[in-house]
Amino acid sequence: MSATSPEAVKKHVRTYITIFIALAILTVVTVWVSTLDLPGPAAIALAFIIASIKAGLVALFFMHLLGERKIIIAILALTVFFFVVLTLLPQTSHVVVPIIP
Amino acid sequence: MSAEIKWIDKPHPVSGVTNGKLGIWLFLASEVMLFGGLFSALVLLRTGADSWPVGHELLNVKLATINTLILIISSVTMVMSWASLAMKNLSKYKMYMAITVILGFVFLGIKAVEYGHKFEHHHFPSTSIFYAIYFTLTGLHAIHVIGGIIVNTYFLFPGSKLWQTKPEMFTNRIECAGLYWHFVDLVWIFLFPTLYLL
């Protein structure tokens, strides 16, 4: 992205404004959804779907991941994998393991 | 003997990116794991607790929503500061970077007001597990905002001299600073619903 020409960057500026409006609307939607008194799992799922969309917009457009080099994508893919493992692995502590005498 | 650091203004032939950009992405990967560990702790504590308070009953959602919008706006001004440099406009860069730094301070100011309200009501990290994880996560995030403000302020004033001699290298540095600032925004995007709304 850093090698992008000034003309190409001018076009990106319009995209940045559009993404900002989308992020602002999604923030309001996040707050509005939380007032709907949805059941626990549905509320959590919806909140995380909206947060993930917002995070995706920031990463793809503001952080220029769209069209980024493969090495950066590979680093991020590995990071996301370990993040998911890190989040889910401790949950196994809730699993009751039967004790075999 | 030359001590010149290579591939800081031109992409490395193997990776295809500058060493600075590769470095900042690796740093951000380690940051994901730092916040990931705490996020994992939150999930474990919440799922293992007999009861867990609803965030919006204890925390100020209005202030947090305003702070979310402030960070989003600051992300736009940050990317605009980089775009201004890419369009060879230093004065616009300075304007957008100054706004980014100011918005960072506004975010911290609102956070301080929020913390002040909590302390007035004698709500401290030791009060409950919820407040412990709330103060830890938001406090760590605030430290990252402070770090970003320091870096951005440096690039706004003394660091911007580099533009006169090596404009491409300076543009790359702002892109890296921007990647960090957007990451700080990303973390808040997940903290906001997790702590305040659910």
# chains A, B, ... in the order shown; residues from 1 in each chain; ligands from 1
call {"tool": "interface_residues", "arguments": {"of": "chain A", "to": "chain B", "cutoff": "9 Å", "atoms": "only C-alpha atoms", "output": "count of residues only"}}
result
57
call {"tool": "atom_distance", "arguments": {"atom1": "atom CA of A:Thr15", "atom2": "atom CA of A:Leu66"}}
result
12.5 Å
call {"tool": "select_by_dssp", "arguments": {"residues": "stretch 8-101 of chain A", "states": "alpha helix (DSSP H)", "output": "compact mmCIF listing (two decimals) with N, CA and C atoms, in the first residue's frame"}}
result
# COMPACT_ATOMS: atom_id res chain seq x y z
N ALA A 8 -4.28 7.02 -6.71
CA ALA A 8 -4.98 5.86 -6.14
C ALA A 8 -5.40 6.13 -4.69
N VAL A 9 -4.54 6.84 -3.95
CA VAL A 9 -4.85 7.15 -2.56
C VAL A 9 -6.08 8.05 -2.46
N LYS A 10 -6.20 8.99 -3.41
CA LYS A 10 -7.37 9.89 -3.42
C LYS A 10 -8.67 9.09 -3.48
N LYS A 11 -8.64 8.01 -4.29
CA LYS A 11 -9.84 7.16 -4.39
C LYS A 11 -10.11 6.45 -3.06
N HIS A 12 -9.02 6.05 -2.37
CA HIS A 12 -9.17 5.35 -1.09
C HIS A 12 -9.84 6.24 -0.04
N VAL A 13 -9.58 7.54 -0.11
CA VAL A 13 -10.11 8.46 0.89
C VAL A 13 -11.64 8.36 0.97
N ARG A 14 -12.28 8.25 -0.19
CA ARG A 14 -13.74 8.12 -0.23
C ARG A 14 -14.17 6.83 0.48
N THR A 15 -13.39 5.77 0.26
CA THR A 15 -13.68 4.48 0.91
C THR A 15 -13.58 4.63 2.44
N TYR A 16 -12.55 5.36 2.91
CA TYR A 16 -12.36 5.53 4.35
C TYR A 16 -13.58 6.20 4.99
N ILE A 17 -14.14 7.19 4.30
CA ILE A 17 -15.32 7.90 4.84
C ILE A 17 -16.51 6.94 4.88
N THR A 18 -16.68 6.14 3.82
CA THR A 18 -17.79 5.17 3.79
C THR A 18 -17.65 4.16 4.94
N ILE A 19 -16.43 3.67 5.16
CA ILE A 19 -16.19 2.70 6.24
C ILE A 19 -16.47 3.34 7.60
N PHE A 20 -16.09 4.60 7.76
CA PHE A 20 -16.36 5.30 9.02
C PHE A 20 -17.87 5.35 9.29
N ILE A 21 -18.65 5.69 8.27
CA ILE A 21 -20.12 5.76 8.45
C ILE A 21 -20.67 4.38 8.83
N ALA A 22 -20.15 3.34 8.14
CA ALA A 22 -20.60 1.96 8.44
C ALA A 22 -20.25 1.60 9.89
N LEU A 23 -19.06 1.96 10.34
CA LEU A 23 -18.64 1.63 11.71
C LEU A 23 -19.49 2.37 12.74
N ALA A 24 -19.80 3.63 12.45
CA ALA A 24 -20.63 4.42 13.37
C ALA A 24 -22.03 3.80 13.48
N ILE A 25 -22.61 3.42 12.32
CA ILE A 25 -23.95 2.81 12.32
C ILE A 25 -23.93 1.49 13.09
N LEU A 26 -22.90 0.68 12.84
CA LEU A 26 -22.80 -0.63 13.53
C LEU A 26 -22.63 -0.46 15.04
N THR A 27 -21.96 0.62 15.46
CA THR A 27 -21.82 0.88 16.91
C THR A 27 -23.19 1.15 17.53
N VAL A 28 -23.98 1.96 16.83
CA VAL A 28 -25.34 2.27 17.32
C VAL A 28 -26.18 0.98 17.34
N VAL A 29 -26.03 0.16 16.29
CA VAL A 29 -26.78 -1.11 16.21
C VAL A 29 -26.39 -2.03 17.38
N THR A 30 -25.10 -2.07 17.71
CA THR A 30 -24.63 -2.90 18.83
C THR A 30 -25.34 -2.51 20.12
N VAL A 31 -25.41 -1.19 20.36
CA VAL A 31 -26.05 -0.72 21.60
C VAL A 31 -27.55 -1.02 21.56
N TRP A 32 -28.16 -0.79 20.39
CA TRP A 32 -29.62 -1.02 20.25
C TRP A 32 -29.96 -2.50 20.48
N VAL A 33 -29.16 -3.39 19.92
CA VAL A 33 -29.40 -4.84 20.07
C VAL A 33 -29.35 -5.24 21.55
N SER A 34 -28.45 -4.60 22.30
CA SER A 34 -28.30 -4.96 23.72
C SER A 34 -29.54 -4.57 24.53
N GLY A 40 -29.57 -15.00 26.50
CA GLY A 40 -28.11 -14.93 26.65
C GLY A 40 -27.29 -15.33 25.43
N PRO A 41 -27.41 -16.60 24.97
CA PRO A 41 -26.57 -17.05 23.86
C PRO A 41 -26.79 -16.24 22.58
N ALA A 42 -28.06 -15.89 22.29
CA ALA A 42 -28.37 -15.11 21.08
C ALA A 42 -27.76 -13.72 21.17
N ALA A 43 -27.86 -13.09 22.36
CA ALA A 43 -27.30 -11.75 22.56
C ALA A 43 -25.79 -11.76 22.38
N ILE A 44 -25.15 -12.79 22.96
CA ILE A 44 -23.68 -12.90 22.85
C ILE A 44 -23.27 -13.11 21.39
N ALA A 45 -23.99 -14.04 20.72
CA ALA A 45 -23.65 -14.34 19.32
C ALA A 45 -23.80 -13.10 18.44
N LEU A 46 -24.93 -12.40 18.62
CA LEU A 46 -25.19 -11.21 17.80
C LEU A 46 -24.15 -10.11 18.05
N ALA A 47 -23.83 -9.90 19.34
CA ALA A 47 -22.84 -8.87 19.69
C ALA A 47 -21.49 -9.18 19.05
N PHE A 48 -21.11 -10.46 19.05
CA PHE A 48 -19.81 -10.83 18.49
C PHE A 48 -19.80 -10.82 16.96
N ILE A 49 -20.96 -11.11 16.37
CA ILE A 49 -21.04 -11.03 14.90
C ILE A 49 -20.84 -9.57 14.47
N ILE A 50 -21.54 -8.64 15.15
CA ILE A 50 -21.41 -7.22 14.80
C ILE A 50 -19.98 -6.73 15.06
N ALA A 51 -19.43 -7.13 16.23
CA ALA A 51 -18.05 -6.72 16.56
C ALA A 51 -17.06 -7.26 15.51
N SER A 52 -17.30 -8.49 15.06
CA SER A 52 -16.39 -9.09 14.07
C SER A 52 -16.48 -8.36 12.73
N ILE A 53 -17.71 -7.95 12.35
CA ILE A 53 -17.87 -7.20 11.10
C ILE A 53 -17.11 -5.87 11.20
N LYS A 54 -17.28 -5.19 12.36
CA LYS A 54 -16.58 -3.91 12.56
C LYS A 54 -15.06 -4.11 12.52
N ALA A 55 -14.59 -5.15 13.22
CA ALA A 55 -13.15 -5.43 13.24
C ALA A 55 -12.65 -5.74 11.83
N GLY A 56 -13.47 -6.49 11.08
CA GLY A 56 -13.09 -6.84 9.70
C GLY A 56 -12.95 -5.60 8.83
N LEU A 57 -13.88 -4.66 8.99
CA LEU A 57 -13.83 -3.41 8.20
C LEU A 57 -12.56 -2.62 8.52
N LYS A 70 1.28 -11.96 1.15
CA LYS A 70 0.93 -13.27 1.72
C LYS A 70 1.56 -13.50 3.09
N ILE A 71 2.78 -13.00 3.27
CA ILE A 71 3.49 -13.26 4.54
C ILE A 71 2.73 -12.64 5.72
N ILE A 72 2.15 -11.46 5.51
CA ILE A 72 1.38 -10.79 6.57
C ILE A 72 0.10 -11.59 6.85
N ILE A 73 -0.56 -12.04 5.78
CA ILE A 73 -1.80 -12.82 5.94
C ILE A 73 -1.48 -14.12 6.68
N ALA A 74 -0.34 -14.74 6.36
CA ALA A 74 0.04 -16.00 7.00
C ALA A 74 0.29 -15.77 8.50
N ILE A 75 0.97 -14.69 8.83
CA ILE A 75 1.23 -14.37 10.25
C ILE A 75 -0.10 -14.20 10.99
N LEU A 76 -1.03 -13.48 10.35
CA LEU A 76 -2.32 -13.22 10.99
C LEU A 76 -3.16 -14.47 11.13
N ALA A 77 -3.12 -15.34 10.10
CA ALA A 77 -3.89 -16.59 10.15
C ALA A 77 -3.40 -17.45 11.32
N LEU A 78 -2.09 -17.51 11.49
CA LEU A 78 -1.50 -18.27 12.60
C LEU A 78 -1.91 -17.66 13.95
N THR A 79 -1.91 -16.34 13.99
CA THR A 79 -2.29 -15.63 15.23
C THR A 79 -3.75 -15.92 15.59
N VAL A 80 -4.62 -15.84 14.58
CA VAL A 80 -6.05 -16.09 14.83
C VAL A 80 -6.24 -17.53 15.32
N PHE A 81 -5.53 -18.48 14.72
CA PHE A 81 -5.63 -19.89 15.13
C PHE A 81 -5.27 -20.03 16.62
N PHE A 82 -4.12 -19.46 16.99
CA PHE A 82 -3.68 -19.60 18.39
C PHE A 82 -4.58 -18.81 19.34
N PHE A 83 -5.17 -17.71 18.86
CA PHE A 83 -6.09 -16.94 19.68
C PHE A 83 -7.33 -17.79 20.01
N VAL A 84 -7.84 -18.48 18.98
CA VAL A 84 -9.01 -19.34 19.18
C VAL A 84 -8.66 -20.49 20.15
N VAL A 85 -7.48 -21.08 19.97
CA VAL A 85 -7.04 -22.15 20.88
C VAL A 85 -6.94 -21.62 22.30
N LEU A 86 -6.32 -20.44 22.44
CA LEU A 86 -6.13 -19.83 23.75
C LEU A 86 -7.47 -19.55 24.44
N THR A 87 -8.47 -19.17 23.65
CA THR A 87 -9.78 -18.85 24.22
C THR A 87 -10.57 -20.10 24.57
N LEU A 88 -10.48 -21.11 23.71
CA LEU A 88 -11.31 -22.30 23.90
C LEU A 88 -10.70 -23.36 24.81
call {"tool": "atom_distance", "arguments": {"atom1": "atom CA of B:Gln164", "atom2": "atom CA of B:Asn89"}}
result
12.0 Å
call {"tool": "residues_around", "arguments": {"residues": "B:Val101", "least_positions_apart": "4", "cutoff": "10 Å", "atoms": "only C-alpha atoms", "output": "PDB file with N, CA and C atoms, in the first residue's frame"}}
result
ATOM      1  N   SER B  74     -10.861   8.568  15.393  1.00  0.00           N
ATOM      2  CA  SER B  74      -9.397   8.710  15.436  1.00  0.00           C
ATOM      3  C   SER B  74      -8.722   7.742  14.461  1.00  0.00           C
ATOM      4  N   THR B  77      -8.945   9.541  11.138  1.00  0.00           N
ATOM      5  CA  THR B  77      -7.962  10.632  11.031  1.00  0.00           C
ATOM      6  C   THR B  77      -6.540  10.080  10.908  1.00  0.00           C
ATOM      7  N   MET B  78      -6.307   8.929  11.571  1.00  0.00           N
ATOM      8  CA  MET B  78      -4.964   8.313  11.478  1.00  0.00           C
ATOM      9  C   MET B  78      -4.682   7.852  10.047  1.00  0.00           C
ATOM     10  N   TYR B  96      -4.280  16.124  10.488  1.00  0.00           N
ATOM     11  CA  TYR B  96      -4.950  14.852  10.841  1.00  0.00           C
ATOM     12  C   TYR B  96      -4.264  14.168  12.022  1.00  0.00           C
ATOM     13  N   MET B  97      -2.932  14.225  12.061  1.00  0.00           N
ATOM     14  CA  MET B  97      -2.220  13.588  13.170  1.00  0.00           C
ATOM     15  C   MET B  97      -2.505  14.299  14.484  1.00  0.00           C
ATOM     16  N   PHE B 105      -6.407  11.775  23.661  1.00  0.00           N
ATOM     17  CA  PHE B 105      -6.526  12.404  24.987  1.00  0.00           C
ATOM     18  C   PHE B 105      -7.987  12.470  25.435  1.00  0.00           C
ATOM     19  N   VAL B 106      -8.888  12.758  24.498  1.00  0.00           N
ATOM     20  CA  VAL B 106     -10.320  12.824  24.848  1.00  0.00           C
ATOM     21  C   VAL B 106     -10.791  11.456  25.351  1.00  0.00           C
ATOM     22  N   PHE B 107     -10.357  10.389  24.639  1.00  0.00           N
ATOM     23  CA  PHE B 107     -10.709   9.020  25.048  1.00  0.00           C
ATOM     24  C   PHE B 107     -10.253   8.783  26.489  1.00  0.00           C
ATOM     25  N   VAL B 145      -3.346   3.023  24.627  1.00  0.00           N
ATOM     26  CA  VAL B 145      -3.717   4.321  24.045  1.00  0.00           C
ATOM     27  C   VAL B 145      -2.633   5.349  24.368  1.00  0.00           C
ATOM     28  N   ILE B 146      -2.156   5.341  25.628  1.00  0.00           N
ATOM     29  CA  ILE B 146      -1.089   6.274  26.034  1.00  0.00           C
ATOM     30  C   ILE B 146       0.159   6.045  25.157  1.00  0.00           C
ATOM     31  N   GLY B 148       0.281   4.828  22.151  1.00  0.00           N
ATOM     32  CA  GLY B 148      -0.007   5.333  20.809  1.00  0.00           C
ATOM     33  C   GLY B 148       0.093   6.854  20.744  1.00  0.00           C
ATOM     34  N   ILE B 149      -0.402   7.527  21.800  1.00  0.00           N
ATOM     35  CA  ILE B 149      -0.338   8.998  21.841  1.00  0.00           C
ATOM     36  C   ILE B 149       1.127   9.456  21.844  1.00  0.00           C
ATOM     37  N   ILE B 150       1.963   8.770  22.628  1.00  0.00           N
ATOM     38  CA  ILE B 150       3.392   9.145  22.700  1.00  0.00           C
ATOM     39  C   ILE B 150       4.043   9.017  21.318  1.00  0.00           C
ATOM     40  N   VAL B 151       3.803   7.873  20.658  1.00  0.00           N
ATOM     41  CA  VAL B 151       4.398   7.640  19.326  1.00  0.00           C
ATOM     42  C   VAL B 151       3.881   8.671  18.324  1.00  0.00           C
ATOM     43  N   ASN B 152       2.555   8.879  18.319  1.00  0.00           N
ATOM     44  CA  ASN B 152       1.965   9.823  17.358  1.00  0.00           C
ATOM     45  C   ASN B 152       2.437  11.258  17.599  1.00  0.00           C
ATOM     46  N   THR B 153       2.583  11.633  18.880  1.00  0.00           N
ATOM     47  CA  THR B 153       3.068  12.985  19.201  1.00  0.00           C
ATOM     48  C   THR B 153       4.510  13.153  18.715  1.00  0.00           C
ATOM     49  N   LEU B 156       4.402  13.709  15.140  1.00  0.00           N
ATOM     50  CA  LEU B 156       3.783  15.001  14.809  1.00  0.00           C
ATOM     51  C   LEU B 156       4.809  16.130  14.885  1.00  0.00           C
TER      52      LEU B 156
END
call {"tool": "atom_distance", "arguments": {"atom1": "atom CA of B:Tyr154", "atom2": "atom CA of B:Ile110"}}
result
23.2 Å
call {"tool": "residues_around", "arguments": {"residues": "B:Leu58", "least_positions_apart": "5", "cutoff": "12 Å", "atoms": "only C-alpha atoms", "output": "MDAnalysis selection string"}}
result
chainID B and resid 52:53 114 117:118 121 123 128 130:131 134 195:198
call {"tool": "write_last_selection", "arguments": {"atoms": "N, CA and C atoms", "output": "PDB file, in the first residue's frame"}}
result
ATOM      1  N   TRP B  52     -23.250 -13.764  37.069  1.00  0.00           N
ATOM      2  CA  TRP B  52     -22.341 -12.752  36.508  1.00  0.00           C
ATOM      3  C   TRP B  52     -23.151 -11.484  36.254  1.00  0.00           C
ATOM      4  N   PRO B  53     -22.656 -10.346  36.714  1.00  0.00           N
ATOM      5  CA  PRO B  53     -23.449  -9.115  36.526  1.00  0.00           C
ATOM      6  C   PRO B  53     -23.567  -8.727  35.053  1.00  0.00           C
ATOM      7  N   GLU B 114     -14.988   8.012  33.900  1.00  0.00           N
ATOM      8  CA  GLU B 114     -15.649   6.734  34.192  1.00  0.00           C
ATOM      9  C   GLU B 114     -15.012   6.060  35.411  1.00  0.00           C
ATOM     10  N   HIS B 117     -16.007   7.868  38.633  1.00  0.00           N
ATOM     11  CA  HIS B 117     -17.342   7.498  39.128  1.00  0.00           C
ATOM     12  C   HIS B 117     -17.280   6.170  39.882  1.00  0.00           C
ATOM     13  N   LYS B 118     -16.511   5.238  39.341  1.00  0.00           N
ATOM     14  CA  LYS B 118     -16.398   3.911  39.983  1.00  0.00           C
ATOM     15  C   LYS B 118     -15.751   4.047  41.365  1.00  0.00           C
ATOM     16  N   HIS B 121     -17.911   5.463  44.083  1.00  0.00           N
ATOM     17  CA  HIS B 121     -18.854   4.481  44.630  1.00  0.00           C
ATOM     18  C   HIS B 121     -18.135   3.297  45.273  1.00  0.00           C
ATOM     19  N   HIS B 123     -15.952   1.272  44.055  1.00  0.00           N
ATOM     20  CA  HIS B 123     -15.809   0.087  43.208  1.00  0.00           C
ATOM     21  C   HIS B 123     -14.369   0.019  42.713  1.00  0.00           C
ATOM     22  N   SER B 128     -14.868  -7.045  43.183  1.00  0.00           N
ATOM     23  CA  SER B 128     -15.440  -8.307  42.689  1.00  0.00           C
ATOM     24  C   SER B 128     -14.604  -8.796  41.507  1.00  0.00           C
ATOM     25  N   PHE B 130     -15.749  -9.347  38.574  1.00  0.00           N
ATOM     26  CA  PHE B 130     -16.153  -8.556  37.406  1.00  0.00           C
ATOM     27  C   PHE B 130     -15.326  -7.267  37.320  1.00  0.00           C
ATOM     28  N   TYR B 131     -15.239  -6.533  38.449  1.00  0.00           N
ATOM     29  CA  TYR B 131     -14.473  -5.281  38.434  1.00  0.00           C
ATOM     30  C   TYR B 131     -12.978  -5.547  38.236  1.00  0.00           C
ATOM     31  N   TYR B 134     -12.619  -6.090  34.597  1.00  0.00           N
ATOM     32  CA  TYR B 134     -12.967  -4.828  33.918  1.00  0.00           C
ATOM     33  C   TYR B 134     -11.810  -3.841  33.995  1.00  0.00           C
ATOM     34  N   LEU B 195     -17.699  -6.172  27.787  1.00  0.00           N
ATOM     35  CA  LEU B 195     -17.746  -5.679  29.169  1.00  0.00           C
ATOM     36  C   LEU B 195     -18.984  -4.841  29.466  1.00  0.00           C
ATOM     37  N   TYR B 196     -19.414  -4.026  28.507  1.00  0.00           N
ATOM     38  CA  TYR B 196     -20.452  -3.037  28.791  1.00  0.00           C
ATOM     39  C   TYR B 196     -21.872  -3.485  28.446  1.00  0.00           C
ATOM     40  N   LEU B 197     -22.017  -4.373  27.469  1.00  0.00           N
ATOM     41  CA  LEU B 197     -23.366  -4.647  26.957  1.00  0.00           C
ATOM     42  C   LEU B 197     -23.899  -6.026  27.322  1.00  0.00           C
ATOM     43  N   LEU B 198     -23.017  -6.994  27.516  1.00  0.00           N
ATOM     44  CA  LEU B 198     -23.499  -8.369  27.730  1.00  0.00           C
ATOM     45  C   LEU B 198     -23.625  -8.707  29.212  1.00  0.00           C
TER      46      LEU B 198
END
call {"tool": "closest_residue", "arguments": {"among": "B:Asp50, B:Gly55, B:Lys166, B:Ile99", "to": "B:Ile133", "atoms": "only C-alpha atoms"}}
result
B:Gly55
